[in-house]
$ cat entry.cif   # mmCIF, C-alpha atoms
data_protein
loop_
_atom_site.label_atom_id
_atom_site.label_comp_id
_atom_site.auth_asym_id
_atom_site.auth_seq_id
_atom_site.Cartn_x
_atom_site.Cartn_y
_atom_site.Cartn_z
CA GLU A 10 -18.02 94.74 65.51
CA PHE A 11 -20.55 92.18 66.63
CA MET A 12 -23.07 92.10 69.41
CA ARG A 13 -24.58 89.04 71.06
CA MET A 14 -28.24 88.69 71.92
CA GLU A 15 -29.77 85.88 73.91
CA GLU A 16 -33.35 84.73 73.50
CA GLU A 17 -35.46 81.84 74.66
CA ASN A 18 -37.04 80.10 71.71
CA ALA A 19 -39.99 77.85 72.50
CA VAL A 20 -39.95 74.47 70.84
CA VAL A 21 -42.30 71.51 71.13
CA ASP A 22 -42.04 67.84 70.32
CA GLU A 23 -43.52 66.36 67.15
CA TYR A 24 -46.83 65.59 68.89
CA GLY A 25 -47.36 69.20 69.90
CA SER A 26 -47.00 68.49 73.60
CA ARG A 27 -44.41 68.82 76.35
CA PRO A 28 -43.03 72.29 75.49
CA ALA A 29 -39.42 73.06 76.32
CA TYR A 30 -37.04 75.94 75.82
CA GLU A 31 -33.63 76.26 74.34
CA LYS A 32 -31.16 79.06 74.66
CA VAL A 33 -30.59 80.65 71.25
CA PHE A 34 -27.73 83.06 70.69
CA TYR A 35 -27.94 85.36 67.70
CA ILE A 36 -25.06 87.46 66.44
CA LYS A 37 -25.46 90.43 64.14
CA ALA A 38 -23.27 93.25 62.91
CA GLU A 39 -23.98 96.50 64.72
CA GLY A 40 -25.66 99.19 62.71
CA GLU A 41 -26.53 96.89 59.83
CA ASP A 42 -29.84 95.49 58.71
CA GLN A 43 -28.69 91.88 58.24
CA ALA A 44 -28.10 89.22 60.89
CA ILE A 45 -26.30 85.89 61.20
CA ALA A 46 -28.13 83.29 63.29
CA THR A 47 -26.20 80.82 65.41
CA ILE A 48 -27.14 78.42 68.17
CA GLU A 49 -24.27 77.76 70.54
CA TYR A 50 -26.03 76.01 73.40
CA THR A 51 -29.23 74.07 73.76
CA SER A 52 -31.01 72.81 76.85
CA ILE A 53 -33.61 70.41 75.49
CA TYR A 54 -32.00 67.34 77.00
CA HIS A 55 -30.76 65.90 73.70
CA ASP A 56 -34.33 64.88 72.84
CA PRO A 57 -34.60 64.30 69.07
CA LEU A 58 -38.35 64.94 68.89
CA TYR A 59 -38.17 68.68 68.41
CA HIS A 60 -38.86 71.00 65.50
CA VAL A 61 -36.88 74.24 65.46
CA VAL A 62 -37.93 77.28 63.43
CA ILE A 63 -35.27 79.90 62.70
CA PRO A 64 -36.87 83.38 62.64
CA ALA A 65 -36.72 85.66 59.63
CA GLN A 66 -35.85 88.72 61.72
CA ILE A 67 -33.99 89.49 64.92
CA GLU A 68 -34.78 92.88 66.45
CA GLY A 69 -35.57 94.30 63.02
CA ALA A 70 -32.52 92.80 61.30
CA THR A 71 -33.17 90.26 58.54
CA VAL A 72 -31.55 86.87 59.05
CA THR A 73 -29.66 86.15 55.84
CA GLU A 74 -26.98 83.67 56.97
CA LEU A 75 -26.66 80.67 59.26
CA GLY A 76 -23.62 80.19 61.44
CA ARG A 77 -22.97 77.16 63.65
CA MET A 78 -26.13 75.13 64.31
CA ASN A 79 -24.57 71.80 65.16
CA SER A 80 -25.67 72.00 68.80
CA ILE A 81 -29.35 71.81 67.85
CA TRP A 82 -30.62 68.47 69.11
CA ALA A 83 -33.70 68.45 66.89
CA SER A 84 -34.87 66.15 64.15
CA SER A 85 -36.38 68.90 62.03
CA VAL A 86 -35.30 72.46 61.23
CA GLU A 87 -37.19 75.05 59.22
CA LEU A 88 -35.40 78.01 57.67
CA PRO A 89 -37.00 81.33 56.69
CA ASP A 90 -37.23 82.58 53.12
CA THR A 91 -34.60 85.21 53.90
CA ILE A 92 -31.59 82.88 54.14
CA THR A 93 -29.11 83.24 51.28
CA GLN A 94 -26.10 81.42 52.76
CA ILE A 95 -25.51 78.38 54.95
CA ARG A 96 -21.96 78.77 56.18
CA ASP A 97 -19.16 76.20 56.43
CA GLU A 98 -19.84 73.43 58.96
CA THR A 99 -23.21 74.89 59.98
CA PHE A 100 -24.78 71.52 60.84
CA TYR A 101 -21.52 69.55 61.01
CA TYR A 102 -21.81 66.37 63.08
CA ASN A 103 -25.47 66.94 63.97
CA GLU A 104 -26.54 63.38 64.75
CA ASN A 105 -30.27 64.01 65.22
CA LEU A 106 -31.06 66.07 62.13
CA GLN A 107 -33.39 64.14 59.82
CA ASN A 108 -35.29 66.75 57.82
CA ILE A 109 -34.65 70.33 56.82
CA ARG A 110 -36.55 72.63 54.51
CA LEU A 111 -34.19 74.74 52.43
CA PRO A 112 -35.72 78.04 51.27
CA GLY A 113 -35.90 79.34 47.72
CA SER A 114 -33.81 82.35 48.72
CA LEU A 115 -30.75 80.14 49.31
CA ARG A 116 -27.74 80.73 47.03
CA THR A 117 -24.72 79.15 48.77
CA ILE A 118 -24.13 76.03 50.88
CA GLY A 119 -20.72 76.05 52.52
CA ALA A 120 -18.07 73.38 52.90
CA SER A 121 -19.04 70.52 55.24
CA ALA A 122 -22.32 72.32 55.96
CA PHE A 123 -24.16 69.03 56.50
CA SER A 124 -21.18 66.71 56.77
CA ARG A 125 -21.56 63.81 59.22
CA CYS A 126 -25.30 64.21 59.69
CA PRO A 127 -25.80 60.43 59.72
CA ASN A 128 -29.58 60.52 60.05
CA LEU A 129 -30.38 63.09 57.38
CA LEU A 130 -32.81 61.23 55.11
CA SER A 131 -33.10 63.28 51.93
CA LEU A 132 -32.34 66.69 50.49
CA GLU A 133 -33.96 68.73 47.77
CA ILE A 134 -31.69 71.62 46.90
CA PRO A 135 -33.95 74.44 45.68
CA GLU A 136 -33.66 76.33 42.44
CA GLY A 137 -31.45 79.36 42.92
CA VAL A 138 -28.60 77.57 44.69
CA GLU A 139 -25.43 78.27 42.69
CA SER A 140 -22.60 76.92 44.85
CA ILE A 141 -22.11 73.90 47.15
CA GLY A 142 -18.83 73.57 49.03
CA GLU A 143 -16.54 70.58 49.33
CA GLN A 144 -17.74 67.69 51.47
CA ALA A 145 -21.02 69.54 52.00
CA PHE A 146 -22.98 66.29 52.49
CA SER A 147 -20.18 63.80 53.08
CA TRP A 148 -20.76 60.96 55.53
CA CYS A 149 -24.55 61.36 55.48
CA GLU A 150 -24.89 57.59 55.53
CA ARG A 151 -28.69 57.33 55.72
CA MET A 152 -29.49 59.88 53.03
CA ARG A 153 -31.50 58.09 50.36
CA SER A 154 -31.91 60.77 47.73
CA ILE A 155 -30.58 64.13 46.66
CA SER A 156 -31.82 66.41 43.91
CA LEU A 157 -29.74 69.28 42.55
CA PRO A 158 -31.12 72.37 40.80
CA SER A 159 -30.56 73.67 37.28
CA THR A 160 -28.89 76.77 38.76
CA LEU A 161 -25.99 74.87 40.39
CA THR A 162 -22.70 75.72 38.67
CA GLU A 163 -20.11 74.98 41.36
CA LEU A 164 -19.89 71.73 43.30
CA GLY A 165 -16.97 71.16 45.67
CA GLN A 166 -14.92 67.99 45.80
CA LEU A 167 -16.34 64.97 47.63
CA ALA A 168 -19.65 66.71 48.23
CA LEU A 169 -21.40 63.30 48.33
CA HIS A 170 -18.52 61.21 49.64
CA ASN A 171 -19.46 58.23 51.83
CA CYS A 172 -23.20 58.72 51.39
CA THR A 173 -23.52 54.95 51.44
CA GLY A 174 -27.33 54.87 51.59
CA LEU A 175 -27.85 56.91 48.42
CA GLU A 176 -30.26 55.37 45.91
CA SER A 177 -31.18 58.40 43.81
CA ILE A 178 -29.12 61.27 42.39
CA THR A 179 -30.91 63.72 40.11
CA VAL A 180 -30.10 67.03 38.47
CA ALA A 181 -32.86 69.29 37.16
CA PRO A 182 -32.99 69.67 33.37
CA GLY A 183 -31.25 72.69 31.91
CA ASN A 184 -28.21 72.73 34.18
CA PRO A 185 -25.27 74.07 32.10
CA VAL A 186 -22.53 72.27 34.08
CA TYR A 187 -23.92 69.00 35.48
CA HIS A 188 -26.43 66.36 34.54
CA SER A 189 -27.60 63.05 35.93
CA ASP A 190 -28.19 59.76 34.21
CA GLY A 191 -28.71 56.34 35.72
CA ASN A 192 -28.31 57.77 39.24
CA CYS A 193 -24.87 59.08 38.33
CA LEU A 194 -23.78 62.70 38.76
CA ILE A 195 -21.80 63.80 35.70
CA GLU A 196 -19.84 66.95 34.85
CA THR A 197 -21.09 67.44 31.33
CA LYS A 198 -18.17 69.19 29.58
CA SER A 199 -15.40 66.92 30.86
CA GLY A 200 -17.47 63.75 30.80
CA THR A 201 -16.43 63.02 34.39
CA LEU A 202 -18.65 60.88 36.57
CA ILE A 203 -18.31 62.72 39.88
CA ALA A 204 -20.48 60.58 42.13
CA GLY A 205 -22.40 57.34 41.92
CA CYS A 206 -24.41 55.23 44.32
CA LYS A 207 -25.42 51.64 44.91
CA THR A 208 -28.15 51.79 42.21
CA SER A 209 -26.03 53.53 39.57
CA GLN A 210 -25.95 52.36 35.95
CA ILE A 211 -23.14 54.14 34.13
CA PRO A 212 -24.62 55.46 30.88
CA GLY A 213 -23.27 53.91 27.71
CA ASP A 214 -24.08 56.80 25.38
CA GLY A 215 -20.55 58.22 25.43
CA SER A 216 -21.35 60.97 27.94
CA VAL A 217 -18.93 59.47 30.49
CA GLU A 218 -15.22 59.36 29.65
CA ILE A 219 -13.77 59.45 33.16
CA ILE A 220 -14.78 57.75 36.41
CA GLY A 221 -13.68 60.42 38.88
CA SER A 222 -11.63 60.02 42.04
CA LEU A 223 -13.58 58.31 44.83
CA ALA A 224 -16.76 58.42 42.72
CA PHE A 225 -18.06 55.11 44.10
CA ALA A 226 -15.75 54.75 47.11
CA THR A 227 -17.20 53.13 50.27
CA HIS A 228 -20.44 52.00 48.59
CA VAL A 229 -20.37 48.71 50.43
CA GLU A 230 -23.62 47.38 48.89
CA LEU A 231 -22.32 47.62 45.33
CA THR A 232 -21.82 44.05 44.09
CA SER A 233 -21.07 44.49 40.38
CA ILE A 234 -20.38 47.27 37.92
CA GLU A 235 -20.29 47.43 34.14
CA ILE A 236 -18.11 50.20 32.79
CA PRO A 237 -19.32 50.92 29.26
CA GLU A 238 -17.50 51.69 26.03
CA GLY A 239 -16.35 55.30 25.86
CA VAL A 240 -14.85 55.35 29.34
CA GLU A 241 -11.10 55.99 29.03
CA GLU A 242 -9.97 56.60 32.63
CA ILE A 243 -10.69 55.26 36.09
CA ARG A 244 -9.14 57.63 38.58
CA TYR A 245 -7.68 57.27 42.06
CA GLY A 246 -9.83 55.37 44.54
CA ALA A 247 -12.87 55.36 42.25
CA PHE A 248 -14.13 52.07 43.72
CA ALA A 249 -12.05 51.96 46.90
CA LYS A 250 -13.57 50.16 49.87
CA CYS A 251 -16.45 48.69 47.88
CA TYR A 252 -16.17 45.63 50.07
CA SER A 253 -19.01 43.66 48.38
CA LEU A 254 -17.87 44.28 44.81
CA THR A 255 -17.30 40.87 43.19
CA GLU A 256 -17.45 41.55 39.45
CA VAL A 257 -16.24 44.33 37.13
CA SER A 258 -16.57 44.62 33.35
CA LEU A 259 -14.03 46.86 31.62
CA PRO A 260 -14.37 48.33 28.09
CA ALA A 261 -11.93 48.21 25.19
CA SER A 262 -11.83 52.03 25.26
CA LEU A 263 -10.14 52.04 28.69
CA LYS A 264 -6.64 53.59 28.56
CA ARG A 265 -5.75 54.34 32.17
CA VAL A 266 -6.49 52.96 35.64
CA ASP A 267 -5.00 54.95 38.50
CA ASP A 268 -3.36 53.55 41.60
CA GLN A 269 -5.74 52.26 44.26
CA ALA A 270 -8.75 52.50 41.95
CA PHE A 271 -10.05 49.26 43.49
CA LEU A 272 -8.31 49.53 46.86
CA PHE A 273 -9.65 47.13 49.52
CA CYS A 274 -12.16 45.52 47.14
CA ARG A 275 -11.48 42.26 48.94
CA ALA A 276 -14.38 40.33 47.41
CA LEU A 277 -13.43 41.17 43.81
CA ARG A 278 -12.99 37.88 41.92
CA ASP A 279 -13.99 38.45 38.29
CA ILE A 280 -12.68 41.14 35.97
CA HIS A 281 -13.96 40.96 32.40
CA TYR A 282 -12.18 42.75 29.53
CA ALA A 283 -13.97 43.63 26.32
#

$ encode --input "entry.cif" --output "structure tokens"
Amino acid sequence: EFMRMEEENAVVDEYGSRPAYEKVFYIKAEGEDQAIATIEYTSIYHDPLYHVVIPAQIEGATVTELGRMNSIWASSVELPDTITQIRDETFYYNENLQNIRLPGSLRTIGASAFSRCPNLLSLEIPEGVESIGEQAFSWCERMRSISLPSTLTELGQLALHNCTGLESITVAPGNPVYHSDGNCLIETKSGTLIAGCKTSQIPGDGSVEIIGSLAFATHVELTSIEIPEGVEEIRYGAFAKCYSLTEVSLPASLKRVDDQAFLFCRALRDIHYA
């Protein structure tokens, strides 16, 4: 069973003035020492100049998980070093969120946890995170950079889909499943390029054999791409809706191009074959 507790959490704007209050609802399991924090309603007038701090404890119970937080109208959120899980859709469609500090205690980020946070600027996923759900950061159009830890072993499909502002994708050295090269995110064993961005240079060292489904889709600023020798497959929608793409170079090693790989690439004029 669950109980609901209501508190008033003081928050201030980024200049330290004009304090306001928001209603914060916390839910925890009765008789247990762990709590799930949620915010279901906020009364700070949709003002984006607020910094919200989630407490580490609620009435003696340690806050270990985050539930729905998408009603927070704040530009900055700070999480305690007790959080191990950010649940599915926690910050889904939060239009004001720009910065968030993820704690070192974090292990799991759920599906669509930050999806459609269009003003989120960058994310550094801390060491210790092992799993990121599907579409976790999809449609974060202003996000410029993301760094993934060496501990990450499970990344859901389309985790970075439609992050059209991305310029930097990095993976910490020593990751057993993924690596980055040339601002490309690559699944090492299969040689699949999972996600690229507008600054990507596909490595030509043979580490990439497959351009994955929707890997570059919707990157509207991408104007040309050279696919190097060693790549054998371009999968469904890999470059779909790259509206500014005008030139593509294909290697002699290429064996398969899936349907709609270049769907709606209306500006594409030149295709060069090795």

$ closest_residue --input "entry.cif" --among "A:Leu161, A:Leu169, A:Ile195, A:Leu130" --to "Ser147 of chain A" --atoms "only C-alpha atoms"
A:Leu169

$ closest_residue --input "entry.cif" --among "A:Thr160, A:Gln269, A:Ser140, A:Ser258" --to "Tyr282 of chain A" --atoms "all atoms listed in the file"
A:Ser258

$ resolve_selection --input "entry.cif" --expression "the PyMOL selection byres ((chain A and resi 233) around 7)" --output "MDAnalysis selection string"
chainID A and resid 231:232 234:235 254:257

$ write_last_selection --input "entry.cif" --atoms "C-alpha atoms" --output "mmCIF file, in the coordinates of the input"
data_model
loop_
_atom_site.group_PDB
_atom_site.id
_atom_site.type_symbol
_atom_site.label_atom_id
_atom_site.label_comp_id
_atom_site.auth_asym_id
_atom_site.auth_seq_id
_atom_site.Cartn_x
_atom_site.Cartn_y
_atom_site.Cartn_z
ATOM 1 C CA LEU A 231 -22.320 47.620 45.330
ATOM 2 C CA THR A 232 -21.820 44.050 44.090
ATOM 3 C CA ILE A 234 -20.380 47.270 37.920
ATOM 4 C CA GLU A 235 -20.290 47.430 34.140
ATOM 5 C CA LEU A 254 -17.870 44.280 44.810
ATOM 6 C CA THR A 255 -17.300 40.870 43.190
ATOM 7 C CA GLU A 256 -17.450 41.550 39.450
ATOM 8 C CA VAL A 257 -16.240 44.330 37.130
#

$ closest_residue --input "entry.cif" --among "A:Ala283, A:Ala204, A:Ala261, A:Ile95" --to "Ser121 of chain A" --atoms "only C-alpha atoms"
A:Ile95

$ residues_around --input "entry.cif" --residues "Ser114 of chain A" --least-positions-apart "6" --cutoff "8 Å" --atoms "all atoms listed in the file" --output "number ranges by chain"
A: 90-93, 137

$ write_last_selection --input "entry.cif" --atoms "C-alpha atoms" --output "compact mmCIF listing (two decimals), in the coordinates of the input"
# COMPACT_ATOMS: atom_id res chain seq x y z
CA ASP A 90 -37.23 82.58 53.12
CA THR A 91 -34.60 85.21 53.90
CA ILE A 92 -31.59 82.88 54.14
CA THR A 93 -29.11 83.24 51.28
CA GLY A 137 -31.45 79.36 42.92

$ atom_distance --input "entry.cif" --atom1 "atom CA of Phe225 of chain A" --atom2 "atom CA of Ser253 of chain A"
12.3 Å

$ resolve_selection --input "entry.cif" --expression "the PyMOL selection byres ((chain A and resi 172) around 9)" --output "PyMOL selection string"
chain A and resi 127+146-153+169-171+173-175+206+227-228

$ residues_around --input "entry.cif" --residues "Ala224 of chain A" --least-positions-apart "6" --cutoff "7 Å" --atoms "all atoms listed in the file" --output "list in words"
Leu202, Ile203, Ala204, Gly205, Ala247 and Phe248 of chain A

$ resolve_selection --input "entry.cif" --expression "the PyMOL selection byres ((chain A and resi 120) around 6)" --output "PyMOL selection string"
chain A and resi 97+119+121-122+142-145

$ axis_aligned_box --input "entry.cif" --around "segment 162-170 of chain A" --padding-each-side "3 Å" --output "AutoDock Vina command-line options"
--center_x -18.8 --center_y 68.5 --center_z 44.2 --size_x 13.8 --size_y 20.5 --size_z 17.0

$ closest_residue --input "entry.cif" --among "A:Ser216, A:Thr71, A:Glu241, A:Cys274" --to "Val229 of chain A" --atoms "only C-alpha atoms"
A:Cys274
